[in-house]
Amino acid sequence: MGANTSREHHLVPKYWLRAFAEDGHVRGRWRSGAEHRTPVRRAAVGRDFNTDPLAEGERRVALETYLDHHVDGPCAPVLRTVREGRGPLDEAQHAPVLDALAWQVVRTQTFRSFDEQVGQHLFPALWAVEAVGFCEEELGRPLSDAERMEVFWTAVRTAPGPSVVADPRSALRVMIRAFERTRDVLAAPGRQLVILRSAVPMLVLGDSGVALRRKDGTFGLTPPLLPETVEVFAPLSPTCLLVSTPRAHYRPQQGLTRRIAAKANAGAAAWCQDAVYRPPSMPWPSRLQLPGAPLVVRPPRLTAAPTQQRPGPAPAHPEMSRSELRDLLDQLTPTPAVRPPVPGRGRV
């Protein structure tokens, strides 16, 4: 990307979308049921999705430039070889494939929606903890257990929205940190990358690129987002499915069966934010149905009990292992003078 400061950022890389395109176009189906023939350059895009809103010039698109130079550029030829190959992954292909998968989990609107919904559910409790600490500071004494509970639950009920402490760069920092955690999960001992191929096109691609399938067979956003047992389905083309799994029940020699393809397509429909795509000449899978709305994080059940223990030190994020990502985080992290307030002074 370099000097290109385009405001339309692909949530699924163009090289990935092209595997589902013919003459530079894909066929998209939206939740409304409407269908459109869409050029690749306009499919699965988000305006200013990776833009640093507080930076100027090239620094505004530093993350988008990083994805282009350090992720999509190196990963595109490797995934092309995987799509067109016949055997399992070799050692040289393993690392860039894991990079591509991990980034694809976190660079989408679905992941950002997950982060936003979790924040909205947790914010009233964090606000209430802060309110307890504020009252103790104002009174100059510890609150009794009964007072603490009264202040806490009153603050929970009257808490404002998270926008009062909004940080416009937070989503970008979360995405970068989540990449390394996601890659660690996908690279854990006991997990494997399985490639399943078919002779006929059977797979569609959601605008999230990948789908996370839980052990019980569901596709949901229930925290934790990446339990050890999760499977990641990644359709690389209409005839090639990549699966990251801790299970040993897949048989690559049997190829991509219609049953597995149906599971992958159900995941694409569940995890898409707005649309799914297919090659224009390929028919839609007969049982493909898009849910009426994107995935939702269910509100947690909140309980609280008083404690006399002082809060421990705030948890620290692990050090980033990649210098380029550390530089991006430095740019996106507010200085102490403008850092938004962090709840947690009080005790409940």
# chains A, B, ... in the order shown; residues from 1 in each chain; ligands from 1
$ residues_around --residues "Ala261 in chain A" --least-positions-apart "2" --cutoff "10 Å" --atoms "only C-alpha atoms" --output "PyMOL selection string"
chain A and resi 196-198+201-204+233+235+238-241+256-259+263-267+285
$ residues_around --residues "range 113-121 of chain A" --least-positions-apart "6" --cutoff "8 Å" --atoms "only C-alpha atoms" --output "list of chain:residue names"
A:Gly161, A:Pro162, A:Ala171, A:Leu221, A:Val296, A:Val297, A:Pro299, A:Pro300
$ closest_residue --among "A:Pro142, A:Pro279, A:Gly255, A:Pro294" --to "His25 in chain A" --atoms "only C-alpha atoms"
A:Pro279
$ atom_distance --atom1 "CA of His36 in chain A" --atom2 "CA of Arg112 in chain A"
25.3 Å
$ select_by_dssp --residues "range 47-268 of chain A" --states "helix (DSSP H, G or I)" --output "number ranges by chain"
A: 57-84, 91-106, 109-139, 145-158, 162-165, 170-186, 252-254, 258-268
